[in-house]
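Asker: Below: one structure in structure tokens.
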Amino acid sequence: MTVHNKTIIISNRLPVKITEHNGEYRLRPSEGGLATGLGSVYKRGNNVWIGWPGIEVPEDRQDEVRQKLAEFNLIPVFLTNEEISLYYEGFSNEVLWPIFHYLTTYANFEQTYWDSYKSVNEKFRDTVIQNINDGDTIWVHDYQLLLLPCLVRTERPAVTIGFFQHIPFPSYEILRVIPWREEIISGMLGADLLGFHTFDDVKHFLSAVSMLSSSKQSENIIMHKNRQIVVESFPMGIDYQKFESLTRHEKVAKHTANFKESHQNTKIMLSIDRLDYSKGILQRLQALELLLQMHPEYIDKISLFMIVVPSRDTVPKYKELRDQIDQLVGNINSRFRTLNWVPIHYFYRSFSVEFLSALYSIADICIVTPMRDGMNLVSKEYVASRTKNDGVLILSEMAGASKELNDALIVNPNNIGDVMRAINRAINMPPDEQNTRMTSMRHIVKKFDINLWVKNFMDKLLEVKEIQQSLLTKHAVLSVRERMADDYLKSKDRYIFLDYDGTLVGFHGDIDKASPDQELYDILGQLSADPANRVVIISGRRYQTLQQWFGHLNLEMIAEHGAWQKHLNEDWKALPLLTDKWKQDVKTVLDTYTDRTPGSFVEEKSYSLVWHYRKVEKGLGELRANEISNHLRMMIADKGLQMMPGNKVIEFKNIEVNKGKAAQNWLYNNNPDFIIALGDDHTDEDIFKTLPPEAYTIKVGSNISAAQYYLRDFKEVRELLKSFISTQKITSY
Ligand SMILES: O=P(O)(O)OC[C@H]1O[C@H](O[C@H]2O[C@H](CO)[C@@H](O)[C@H](O)[C@H]2O)[C@H](O)[C@@H](O)[C@@H]1O
Ligand SMILES: O=c1ccn([C@@H]2O[C@H](COP(=O)(O)OP(=O)(O)O)[C@@H](O)[C@H]2O)c(=O)[nH]1
Ligand SMILES: [Mg+2]
């Protein structure tokens with residue numbers, strides 16, 4: 001039997017409504033945005049969706065529920081009431097939710113919440129592992145399951161994992177208040193592709209990774225535990241077609257006609273949210289209150305239909321908010337109502353999608369004022385429902401949707417006066433302007449719908465996996481070890497060019513401490529003992545340092561990127577005609593930056609100057625390096641110098657000095673039958689570019705290079721060199 005690869009969707013809640021009637025469980029698949037969008041995925045073939053069924057099911061009834069769910073390709077993770085209270089209400093909704101929505105003071109950092117969050121994530125992992133085969137793809141959703149990607153990765157290292165977060169990702173300064181922030185980041189880094197609604201979320205996540213993990217980053221790519229991970233924004237869309245065609249549905253038309261009749265001379269303003277302090281419900285009410293106070297002419301002329309859907313009502317902050325809303329609505333209504341009119345029609349309940357569609361159709365204004373919102377789909381559903389291209393959307397700049405729907409009236413919900421003026425403007429907006437704004441927003445909501453969102457994410461996930469595969473073929477040990485060993489063995493005249501820092505040793509905050517250790521001496525000693533080998537250290541270090549470290553070995557050396565050279569059994573020689581007259585002027589400038597940047601220092605060599613920032617506060621060093629490079633750009637060109645950015649350094653040197661030229665010089669008039677060059681930095685690229693095509697060129701620590709192959713770190717370099725030595729030994733027997 002052939003087993004086809006499948007896709008597994010995982011989220012806290014299954015896309016199903018489960019109810020109990022007279023002891024019998026009934027299931028109704030939900031039509032929520034995510035469920036609709038992913039319907040095309042999980043309902044196909046042997047694909048499945050794993051999640052919590054939403055209620056506690058006693059153990060003796062779990063098989064029954066499991067079977068019912070299986071008919072819809074759904075697999076349950078059963079949670080006990082205690083788990084729901086600690087993992088879902090506790091850690092997810094009393095720690096992650098408030099922190100990720102910037103309400104740090106609402107968070108309760110209970111150790112038991114975290115313990116349960118971990119064990120429930122493990123419970124999800126166990127269900128995933130029971131249902132997964134090699135080659136399957138999994139797509140994890142949202143903040144309740146941040147640890148799951150890494151938990152699955154540990155069990156199945158090769159599996160393809162996508163992760164999408166539906167709520168905002170906060171700035172690092174906010175995230176860091178969570179005691180378990182490192183575990184959270186490393187949990188997420190189990191994924192191959194991480195998606196967020198907005199580019200801001202992406203930036204915040206990348207900056208948190210740079211602060212909390214040792215992985216390397218280049219743009220939106222993270223190199224973590226030898227895996228290339230991509231982070232990107234995928235603004236979620238809605239089922240546009242559904243909301244557009246719903247407006248023509250018979251039931252909807254009936255609701256709409258009823259509404260119109262009873263509200264003929266009133267402007268209708270609509271708001272729909274779950275009960276949540278992130279949604280700015282109180283602020284919106286205050287803005288309406290202010291409007292009626294400042295503009296009494298609107299009394300009798302505008303009504304707010306406010307739908308608040310019950311949510312997480314066992315979490316204390318939510319209960320509190322409900323009371324506050326009740327009170328404020330009561331105050332406003334009793335203060336402004338007339339015999340035939342109330343300003344606010346408040347509903348604390350949910351409605352059918354047909355009823356919602358009718359509300360979207362009749363609303364002259366839709367007001368969406370979250371203090372923070374990952375995306376906000378209500379704003380998009382309103383736009384999709386405005387088939388006549390009229391109506392006004394008031395939208396908070398804190399909602400992810402505001403990045404796309406910038407033709408809405410954008411407001412800051414903390415500025416009650418601003419929201420009040422936006423309502424006033426919406427009431428009076430001429431039809432032409434409504435049409436222009438709505439047409440352009442509809443175009444966006446239509447194009448970037450839920451289907452495109454799913455496609456974009458899945459396509460990217462596939463692409464990331466392919467890049468990871470191609471990376472493996474560039475890995476020097478995995479892909480060409482045998483050919484390289486073979487060539488090494490057959491050759492009689494070998495050139496081995498070795499960069500020092502980052503290639504033969506790791507980096508150190510103090511440059512003098514990155515000195516060679518015994519293992520390295522052994523490797524270099526044995527390599528250079530073979531008369532067929534010319535081992536050349538080609539470094540940016542001062543020649544005095546290289547001499548001190550390696551002078552006793554049978555090595556050849558190139559120091560200061562080529563400014564100094566030492567052939568076997570000869571003395572050090574400087575490149576002729578070099579000048580160092582420029583150094584004083586450049587140093588004066590560099591010193592001014594060093595004086596303003598704690599942790600930085602200038603290293604002086606005979607023909608170059610280096611500004612080091614490895615020990616400078618993260619981010620500040622890069623900023624200063626940029627400033628320096630802008631500051632010195634003109635001077636550099638005038639003086640015939642070159643500026644080389646490196647690993648936490650920026651180096652200034654004579655333009656004619658470079659490692660490529662030095663390597664060429666070494667090969668001049670020689671005809672070796674084996675050449676290999678290893679290096680980790682920008683300056684080593686000159687070597688890779690200059691060597692003949694048959695040379696083995698290997699970049700250390702990255703795959704973005706002119707080199708043909710790469711190795712992950714100096715340890716892998718040492719392993720490779722040791723494998724050459726063992727080949728030597730075998731042949732000498
Ligand atoms: O499962 P609940 O605790 O009842 O909460 C319902 C869902 O709320 C959150 O929605 C988010 O996702 C939307 C779609 O991406 C987005 O528009 C919105 O801004 C977010 O708040 C939550 O992310 C889900 O996990 C919950 O199931
Ligand atoms: O009675 C209701 C009211 C709203 N919604 C839906 O709930 C979703 C709310 O999503 P949004 O992104 O606006 O906020 P979230 O609740 O996810 O934070 C929207 O698709 C609404 O159509 C619903 O199903 N029933
Ligand atoms: Mg180096």
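For the structure tokens, the naming scheme is as follows: chains receive sequential letters (A, B, ...) according to their order of presentation, residues are indexed from 1 within each chain, and ligands are indexed from 1 in presentation order.
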Need the shell around stretch 569-581 of chain A: protein/DNA/RNA residues with any atom at most 8 Å away, counting only C-alpha atoms. Skip same-chain ones fewer than 3 positions apart. Format as a PDB file with C-alpha atoms, in the first residue's frame?

Answerer:
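Result written to selection-v1.pdb:
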ATOM      1  CA  TYR A 543      52.260  39.710  11.168  1.00  0.00           C
ATOM      2  CA  GLY A 562      48.474  40.490   2.086  1.00  0.00           C
ATOM      3  CA  ALA A 563      50.409  43.541   3.265  1.00  0.00           C
ATOM      4  CA  TRP A 564      52.942  41.166   4.834  1.00  0.00           C
ATOM      5  CA  GLN A 565      54.037  37.826   3.444  1.00  0.00           C
ATOM      6  CA  LYS A 566      56.322  35.070   4.616  1.00  0.00           C
ATOM      7  CA  GLN A 584      46.399  59.290  11.348  1.00  0.00           C
ATOM      8  CA  SER A 606      51.025  48.499   9.804  1.00  0.00           C
ATOM      9  CA  TYR A 607      48.851  49.215   6.789  1.00  0.00           C
ATOM     10  CA  SER A 608      45.348  49.068   8.119  1.00  0.00           C
ATOM     11  CA  ASN A 654      45.177  50.254   1.132  1.00  0.00           C
TER      12      ASN A 654
END

Asker: Compute the set of protein, DNA and RNA residues whose minimum atom distance to ligand 1 is at most 6 Å, using only C-alpha atoms and all ligand atoms, and state it as a compact mmCIF listing (two decimals) with N, CA, C and O atoms, in the first residue's frame.

Answerer:
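What follows is the written file part.txt:
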# COMPACT_ATOMS: atom_id res chain seq x y z
N ASP A 142 -0.79 29.50 15.92
CA ASP A 142 -1.05 30.43 17.02
C ASP A 142 -0.37 30.20 18.36
O ASP A 142 0.26 29.19 18.63
N HIS A 166 -1.39 34.28 14.81
CA HIS A 166 -2.52 35.15 14.45
C HIS A 166 -2.58 36.42 15.27
O HIS A 166 -3.34 37.33 14.94
N ILE A 167 -1.85 36.48 16.36
CA ILE A 167 -1.89 37.68 17.19
C ILE A 167 -0.58 38.45 16.99
O ILE A 167 0.36 37.92 16.40
N SER A 311 -16.59 35.69 25.21
CA SER A 311 -15.32 35.01 24.99
C SER A 311 -14.53 34.95 26.29
O SER A 311 -14.50 35.92 27.04
N ASP A 373 -4.46 44.47 17.61
CA ASP A 373 -5.15 43.35 17.00
C ASP A 373 -4.21 42.74 15.97
O ASP A 373 -3.60 43.49 15.19
N GLY A 374 -4.08 41.42 15.99
CA GLY A 374 -3.19 40.77 15.03
C GLY A 374 -3.55 41.21 13.62
O GLY A 374 -2.74 41.78 12.89
N MET A 375 -4.80 40.94 13.23
CA MET A 375 -5.28 41.35 11.91
C MET A 375 -6.56 42.16 12.05
O MET A 375 -6.61 43.34 11.82
N ASN A 376 -7.63 41.54 12.44
CA ASN A 376 -9.01 42.01 12.50
C ASN A 376 -9.73 41.71 11.19
O ASN A 376 -9.58 42.42 10.18
N LEU A 377 -10.49 40.64 11.23
CA LEU A 377 -11.19 40.19 10.04
C LEU A 377 -12.51 40.90 9.85
O LEU A 377 -13.00 41.04 8.72

Asker: A:Ser233: which residues within 12 Å, counting only C-alpha atoms, same-chain residues fewer than 2 positions away excluded, as a ChimeraX atom specification?

Answerer: /A:163-166,168-169,193-206,220,230-231,235-236,374-375,400,403,453,456-457,460

Asker: For the residues selected in the previous step, produce a file with N, CA and C atoms as an mmCIF file, in the first residue's frame.

Answerer:
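Result went into part_6.cif, see below:
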data_model
loop_
_atom_site.group_PDB
_atom_site.id
_atom_site.type_symbol
_atom_site.label_atom_id
_atom_site.label_comp_id
_atom_site.auth_asym_id
_atom_site.auth_seq_id
_atom_site.Cartn_x
_atom_site.Cartn_y
_atom_site.Cartn_z
ATOM 1 N N PHE A 163 4.681 27.572 10.786
ATOM 2 C CA PHE A 163 4.007 28.104 11.975
ATOM 3 C C PHE A 163 3.430 29.462 11.611
ATOM 4 N N PHE A 164 2.173 29.697 11.981
ATOM 5 C CA PHE A 164 1.601 31.027 11.768
ATOM 6 C C PHE A 164 1.040 31.564 13.067
ATOM 7 N N GLN A 165 1.399 32.806 13.386
ATOM 8 C CA GLN A 165 0.875 33.428 14.599
ATOM 9 C C GLN A 165 -0.204 34.459 14.241
ATOM 10 N N HIS A 166 -1.387 34.275 14.805
ATOM 11 C CA HIS A 166 -2.518 35.146 14.446
ATOM 12 C C HIS A 166 -2.581 36.420 15.266
ATOM 13 N N PRO A 168 -0.476 39.700 17.464
ATOM 14 C CA PRO A 168 0.754 40.461 17.213
ATOM 15 C C PRO A 168 1.966 39.774 17.846
ATOM 16 N N PHE A 169 3.154 40.060 17.332
ATOM 17 C CA PHE A 169 4.371 39.677 18.047
ATOM 18 C C PHE A 169 4.955 40.964 18.617
ATOM 19 N N LEU A 193 9.308 27.654 8.500
ATOM 20 C CA LEU A 193 8.788 28.947 8.044
ATOM 21 C C LEU A 193 7.906 29.502 9.157
ATOM 22 N N LEU A 194 8.161 30.759 9.543
ATOM 23 C CA LEU A 194 7.314 31.400 10.559
ATOM 24 C C LEU A 194 6.594 32.569 9.912
ATOM 25 N N GLY A 195 5.273 32.571 10.015
ATOM 26 C CA GLY A 195 4.482 33.627 9.390
ATOM 27 C C GLY A 195 3.778 34.486 10.423
ATOM 28 N N PHE A 196 3.690 35.794 10.120
ATOM 29 C CA PHE A 196 2.967 36.745 10.969
ATOM 30 C C PHE A 196 2.088 37.586 10.051
ATOM 31 N N HIS A 197 1.142 38.327 10.660
ATOM 32 C CA HIS A 197 0.253 39.141 9.830
ATOM 33 C C HIS A 197 0.973 40.337 9.204
ATOM 34 N N THR A 198 1.886 40.970 9.958
ATOM 35 C CA THR A 198 2.478 42.221 9.443
ATOM 36 C C THR A 198 4.003 42.184 9.478
ATOM 37 N N PHE A 199 4.571 43.114 8.727
ATOM 38 C CA PHE A 199 6.026 43.240 8.663
ATOM 39 C C PHE A 199 6.576 43.682 10.027
ATOM 40 N N ASP A 200 5.806 44.487 10.763
ATOM 41 C CA ASP A 200 6.248 44.887 12.109
ATOM 42 C C ASP A 200 6.410 43.661 13.006
ATOM 43 N N ASP A 201 5.455 42.747 12.947
ATOM 44 C CA ASP A 201 5.557 41.520 13.746
ATOM 45 C C ASP A 201 6.832 40.759 13.374
ATOM 46 N N VAL A 202 7.099 40.687 12.074
ATOM 47 C CA VAL A 202 8.302 39.985 11.592
ATOM 48 C C VAL A 202 9.552 40.630 12.186
ATOM 49 N N LYS A 203 9.608 41.970 12.129
ATOM 50 C CA LYS A 203 10.791 42.681 12.645
ATOM 51 C C LYS A 203 10.960 42.415 14.139
ATOM 52 N N HIS A 204 9.840 42.442 14.865
ATOM 53 C CA HIS A 204 9.929 42.211 16.308
ATOM 54 C C HIS A 204 10.408 40.795 16.616
ATOM 55 N N PHE A 205 9.898 39.852 15.843
ATOM 56 C CA PHE A 205 10.315 38.466 16.083
ATOM 57 C C PHE A 205 11.811 38.315 15.802
ATOM 58 N N LEU A 206 12.267 38.867 14.670
ATOM 59 C CA LEU A 206 13.690 38.740 14.323
ATOM 60 C C LEU A 206 14.561 39.385 15.391
ATOM 61 N N ASN A 220 15.710 38.265 6.467
ATOM 62 C CA ASN A 220 14.654 37.540 7.190
ATOM 63 C C ASN A 220 14.937 36.039 7.275
ATOM 64 N N VAL A 230 12.929 30.670 7.563
ATOM 65 C CA VAL A 230 12.504 31.935 6.973
ATOM 66 C C VAL A 230 11.360 32.533 7.793
ATOM 67 N N VAL A 231 11.393 33.853 7.962
ATOM 68 C CA VAL A 231 10.339 34.564 8.698
ATOM 69 C C VAL A 231 9.724 35.574 7.741
ATOM 70 N N PRO A 235 -0.288 38.569 5.479
ATOM 71 C CA PRO A 235 -1.526 39.151 6.035
ATOM 72 C C PRO A 235 -2.718 38.279 5.663
ATOM 73 N N MET A 236 -3.421 37.817 6.674
ATOM 74 C CA MET A 236 -4.517 36.871 6.405
ATOM 75 C C MET A 236 -5.711 37.575 5.753
ATOM 76 N N GLY A 374 -4.080 41.417 15.988
ATOM 77 C CA GLY A 374 -3.189 40.773 15.026
ATOM 78 C C GLY A 374 -3.552 41.206 13.622
ATOM 79 N N MET A 375 -4.802 40.944 13.230
ATOM 80 C CA MET A 375 -5.279 41.353 11.910
ATOM 81 C C MET A 375 -6.556 42.163 12.051
ATOM 82 N N GLY A 400 -3.686 44.952 12.547
ATOM 83 C CA GLY A 400 -2.880 44.530 11.397
ATOM 84 C C GLY A 400 -3.534 44.955 10.095
ATOM 85 N N LYS A 403 -2.660 48.076 7.818
ATOM 86 C CA LYS A 403 -1.516 48.128 6.906
ATOM 87 C C LYS A 403 -1.984 47.939 5.470
ATOM 88 N N TRP A 453 -3.947 33.519 0.702
ATOM 89 C CA TRP A 453 -3.141 33.460 1.928
ATOM 90 C C TRP A 453 -2.602 32.039 2.153
ATOM 91 N N ASN A 456 -0.028 31.232 -0.621
ATOM 92 C CA ASN A 456 1.259 31.907 -0.418
ATOM 93 C C ASN A 456 2.067 31.232 0.688
ATOM 94 N N PHE A 457 1.380 30.875 1.762
ATOM 95 C CA PHE A 457 2.104 30.265 2.885
ATOM 96 C C PHE A 457 2.651 28.893 2.486
ATOM 97 N N LYS A 460 5.508 29.048 -0.005
ATOM 98 C CA LYS A 460 6.759 29.503 0.610
ATOM 99 C C LYS A 460 7.381 28.387 1.444
#

Asker: If we count only C-alpha atoms and set the cut-off at 6 Å, which residues sit around stretch 470-484 of chain A, ignoring sequence neighbours fewer than 6 positions away in its own chain? Please answer as an NGL selection string.

Answerer: :A and (709-711)

Asker: Counting only C-alpha atoms and all ligand atoms, figure out which residue out of A:Glu651, A:Asp680, A:Asp486, A:Asp638 gets nearest to ligand 3.

Answerer: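 That would be A:Asp680, the residue with the smallest distance to ligand 3.
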
Asker: Give me, as a list in words, all polymer residues having an atom no more than 12 Å from A:Lys317, counting only C-alpha atoms and skipping those fewer than 3 positions away in the same chain.

Answerer: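 Everything that qualifies: Glu89, Gly90, Asn93, Glu94, Val95, Trp97, Pro98, Leu103, Thr105, Tyr106, Ala107, Asn108, Leu275, Asp276, Tyr277, Ser278, Ser311, Arg312, Asp313, Thr314, Glu320, Leu321, Arg322, Asp323 and Gln324 of chain A.
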
Asker: Per residue of stretch 322-389 of chain A within 12 Å of stretch 30-48 of chain A, which atom pair is closest and at what distance in Å (one decimal), using only C-alpha atoms, listed by chain and increasing number, as a tab-separated table?

Answerer:
residue	atom	partner	partner_atom	distance
A:Ser352	CA	A:Glu31	CA	10.3
A:Val353	CA	A:Glu31	CA	8.7
A:Glu354	CA	A:Glu31	CA	11.8
A:Asn376	CA	A:Gly33	CA	11.1
A:Leu377	CA	A:Gly33	CA	8.2
A:Val378	CA	A:Gly33	CA	10.4
A:Lys380	CA	A:Gly33	CA	11.0
A:Glu381	CA	A:Gly33	CA	10.0

Asker: In stretch 9-256 of chain A, what's alpha helix (DSSP H) per DSSP? Answer as a PyMOL selection string?

Answerer: chain A and resi 33-42+62-70+81-83+97-100+111-131+148-155+172-175+181-188+199-212+240-246+250-256

Asker: Output the neighbourhood of ligand 3 as a ChimeraX atom specification, that is, all protein and nucleic acid residues with some atom at most 8 Å from the ligand, counting only C-alpha atoms and all ligand atoms.

Answerer: /A:499-503,539-540,647,679-681,683-684

Asker: Give me a file of those residues, with N, CA, C and O atoms, as a PDB file, in the first residue's frame.

Answerer:
ATOM      1  N   ASP A 499      42.223  30.725   6.217  1.00  0.00           N
ATOM      2  CA  ASP A 499      41.993  31.941   6.995  1.00  0.00           C
ATOM      3  C   ASP A 499      42.083  31.544   8.478  1.00  0.00           C
ATOM      4  O   ASP A 499      41.956  30.362   8.811  1.00  0.00           O
ATOM      5  N   TYR A 500      42.292  32.510   9.344  1.00  0.00           N
ATOM      6  CA  TYR A 500      42.452  32.138  10.767  1.00  0.00           C
ATOM      7  C   TYR A 500      41.150  32.324  11.568  1.00  0.00           C
ATOM      8  O   TYR A 500      40.424  31.372  11.817  1.00  0.00           O
ATOM      9  N   ASP A 501      40.804  33.612  11.920  1.00  0.00           N
ATOM     10  CA  ASP A 501      39.634  33.842  12.792  1.00  0.00           C
ATOM     11  C   ASP A 501      38.341  33.392  12.116  1.00  0.00           C
ATOM     12  O   ASP A 501      38.081  33.714  10.966  1.00  0.00           O
ATOM     13  N   GLY A 502      37.540  32.671  12.852  1.00  0.00           N
ATOM     14  CA  GLY A 502      36.254  32.229  12.318  1.00  0.00           C
ATOM     15  C   GLY A 502      36.384  30.994  11.454  1.00  0.00           C
ATOM     16  O   GLY A 502      35.386  30.361  11.108  1.00  0.00           O
ATOM     17  N   THR A 503      37.614  30.643  11.060  1.00  0.00           N
ATOM     18  CA  THR A 503      37.822  29.487  10.186  1.00  0.00           C
ATOM     19  C   THR A 503      38.540  28.361  10.938  1.00  0.00           C
ATOM     20  O   THR A 503      38.090  27.217  10.926  1.00  0.00           O
ATOM     21  N   SER A 539      45.617  35.639   6.631  1.00  0.00           N
ATOM     22  CA  SER A 539      44.816  36.255   7.688  1.00  0.00           C
ATOM     23  C   SER A 539      44.875  37.776   7.625  1.00  0.00           C
ATOM     24  O   SER A 539      45.732  38.363   6.970  1.00  0.00           O
ATOM     25  N   GLY A 540      43.950  38.381   8.355  1.00  0.00           N
ATOM     26  CA  GLY A 540      43.970  39.837   8.475  1.00  0.00           C
ATOM     27  C   GLY A 540      44.754  40.274   9.700  1.00  0.00           C
ATOM     28  O   GLY A 540      44.954  41.467   9.937  1.00  0.00           O
ATOM     29  N   ASN A 647      33.156  40.516  10.335  1.00  0.00           N
ATOM     30  CA  ASN A 647      32.378  39.984  11.441  1.00  0.00           C
ATOM     31  C   ASN A 647      32.578  40.866  12.677  1.00  0.00           C
ATOM     32  O   ASN A 647      33.595  40.778  13.357  1.00  0.00           O
ATOM     33  N   GLY A 679      37.583  30.053   4.253  1.00  0.00           N
ATOM     34  CA  GLY A 679      37.514  31.358   4.917  1.00  0.00           C
ATOM     35  C   GLY A 679      36.092  31.689   5.293  1.00  0.00           C
ATOM     36  O   GLY A 679      35.144  31.111   4.745  1.00  0.00           O
ATOM     37  N   ASP A 680      35.933  32.619   6.239  1.00  0.00           N
ATOM     38  CA  ASP A 680      34.581  32.887   6.742  1.00  0.00           C
ATOM     39  C   ASP A 680      34.105  34.303   6.469  1.00  0.00           C
ATOM     40  O   ASP A 680      32.949  34.625   6.718  1.00  0.00           O
ATOM     41  N   ASP A 681      34.972  35.170   5.997  1.00  0.00           N
ATOM     42  CA  ASP A 681      34.631  36.592   6.030  1.00  0.00           C
ATOM     43  C   ASP A 681      34.559  37.205   4.627  1.00  0.00           C
ATOM     44  O   ASP A 681      34.933  36.582   3.645  1.00  0.00           O
ATOM     45  N   THR A 683      36.485  39.361   3.417  1.00  0.00           N
ATOM     46  CA  THR A 683      37.814  39.484   2.813  1.00  0.00           C
ATOM     47  C   THR A 683      38.238  38.177   2.145  1.00  0.00           C
ATOM     48  O   THR A 683      39.061  38.185   1.234  1.00  0.00           O
ATOM     49  N   ASP A 684      37.663  37.060   2.595  1.00  0.00           N
ATOM     50  CA  ASP A 684      38.026  35.771   1.999  1.00  0.00           C
ATOM     51  C   ASP A 684      37.358  35.560   0.639  1.00  0.00           C
ATOM     52  O   ASP A 684      37.781  34.717  -0.148  1.00  0.00           O
TER      53      ASP A 684
END

Asker: Extract, using only C-alpha atoms, all DNA, RNA and protein residues at most 10 Å from stretch 134-136 of chain A, discarding same-chain residues fewer than 5 positions from it, and format them as a PyMOL selection string.

Answerer: chain A and resi 4-8+47+156-161

Asker: For the residues in the current selection, export N, CA and C atoms as an mmCIF file, in the first residue's frame.

Answerer:
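Final output, saved to result-v9.cif:
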data_model
loop_
_atom_site.group_PDB
_atom_site.id
_atom_site.type_symbol
_atom_site.label_atom_id
_atom_site.label_comp_id
_atom_site.auth_asym_id
_atom_site.auth_seq_id
_atom_site.Cartn_x
_atom_site.Cartn_y
_atom_site.Cartn_z
ATOM 1 N N HIS A 4 0.476 8.301 0.882
ATOM 2 C CA HIS A 4 0.798 9.608 0.311
ATOM 3 C C HIS A 4 1.146 10.579 1.419
ATOM 4 N N ASN A 5 2.078 11.479 1.106
ATOM 5 C CA ASN A 5 2.410 12.508 2.082
ATOM 6 C C ASN A 5 1.177 13.344 2.371
ATOM 7 N N LYS A 6 1.055 13.736 3.643
ATOM 8 C CA LYS A 6 -0.134 14.513 3.967
ATOM 9 C C LYS A 6 0.233 15.811 4.676
ATOM 10 N N THR A 7 -0.765 16.670 4.785
ATOM 11 C CA THR A 7 -0.587 17.908 5.529
ATOM 12 C C THR A 7 -1.412 17.810 6.805
ATOM 13 N N ILE A 8 -0.781 18.204 7.924
ATOM 14 C CA ILE A 8 -1.494 18.188 9.206
ATOM 15 C C ILE A 8 -1.603 19.624 9.697
ATOM 16 N N ASN A 47 -5.271 14.248 4.478
ATOM 17 C CA ASN A 47 -4.898 15.367 5.349
ATOM 18 C C ASN A 47 -5.792 15.402 6.587
ATOM 19 N N ARG A 156 11.152 14.373 15.094
ATOM 20 C CA ARG A 156 11.238 14.131 13.645
ATOM 21 C C ARG A 156 12.054 15.244 12.989
ATOM 22 N N PRO A 157 13.391 15.124 13.018
ATOM 23 C CA PRO A 157 14.245 16.232 12.574
ATOM 24 C C PRO A 157 13.999 16.687 11.127
ATOM 25 N N ALA A 158 13.559 15.778 10.264
ATOM 26 C CA ALA A 158 13.484 16.156 8.847
ATOM 27 C C ALA A 158 12.115 16.693 8.427
ATOM 28 N N VAL A 159 11.145 16.661 9.328
ATOM 29 C CA VAL A 159 9.778 17.001 8.908
ATOM 30 C C VAL A 159 9.656 18.488 8.537
ATOM 31 N N THR A 160 8.703 18.796 7.658
ATOM 32 C CA THR A 160 8.472 20.186 7.238
ATOM 33 C C THR A 160 7.460 20.820 8.191
ATOM 34 N N ILE A 161 7.859 21.923 8.829
ATOM 35 C CA ILE A 161 6.956 22.555 9.799
ATOM 36 C C ILE A 161 6.762 24.033 9.470
#

Asker: Show me, as a PyMOL selection string, the residues that have an atom within 8 Å of stretch 411-413 of chain A when counting only C-alpha atoms, minus same-chain residues fewer than 3 positions from it.

Answerer: chain A and resi 280+283-284+369-371+394-398+416+418-419+422

Asker: Using Å and a single decimal, report how far atom CA of A:Trp666 sits from atom CA of A:Ala637.

Answerer: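 Distance reported for this atom pair: 28.2 Å.
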
Asker: Of the residues A:His612, A:His101, A:Lys123, A:Arg542, which is the one nearest to A:Glu83, using only C-alpha atoms?

Answerer: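 Of A:His612, A:His101, A:Lys123, A:Arg542, the one nearest A:Glu83, counting only C-alpha atoms, is A:Lys123.
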
Asker: Nearest to A:Tyr348 among A:Ile676, A:Leu590, A:Ile272, A:Val315, with distances taken over only C-alpha atoms: which residue is it?

Answerer: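 The closest residue to A:Tyr348 is A:Ile272.
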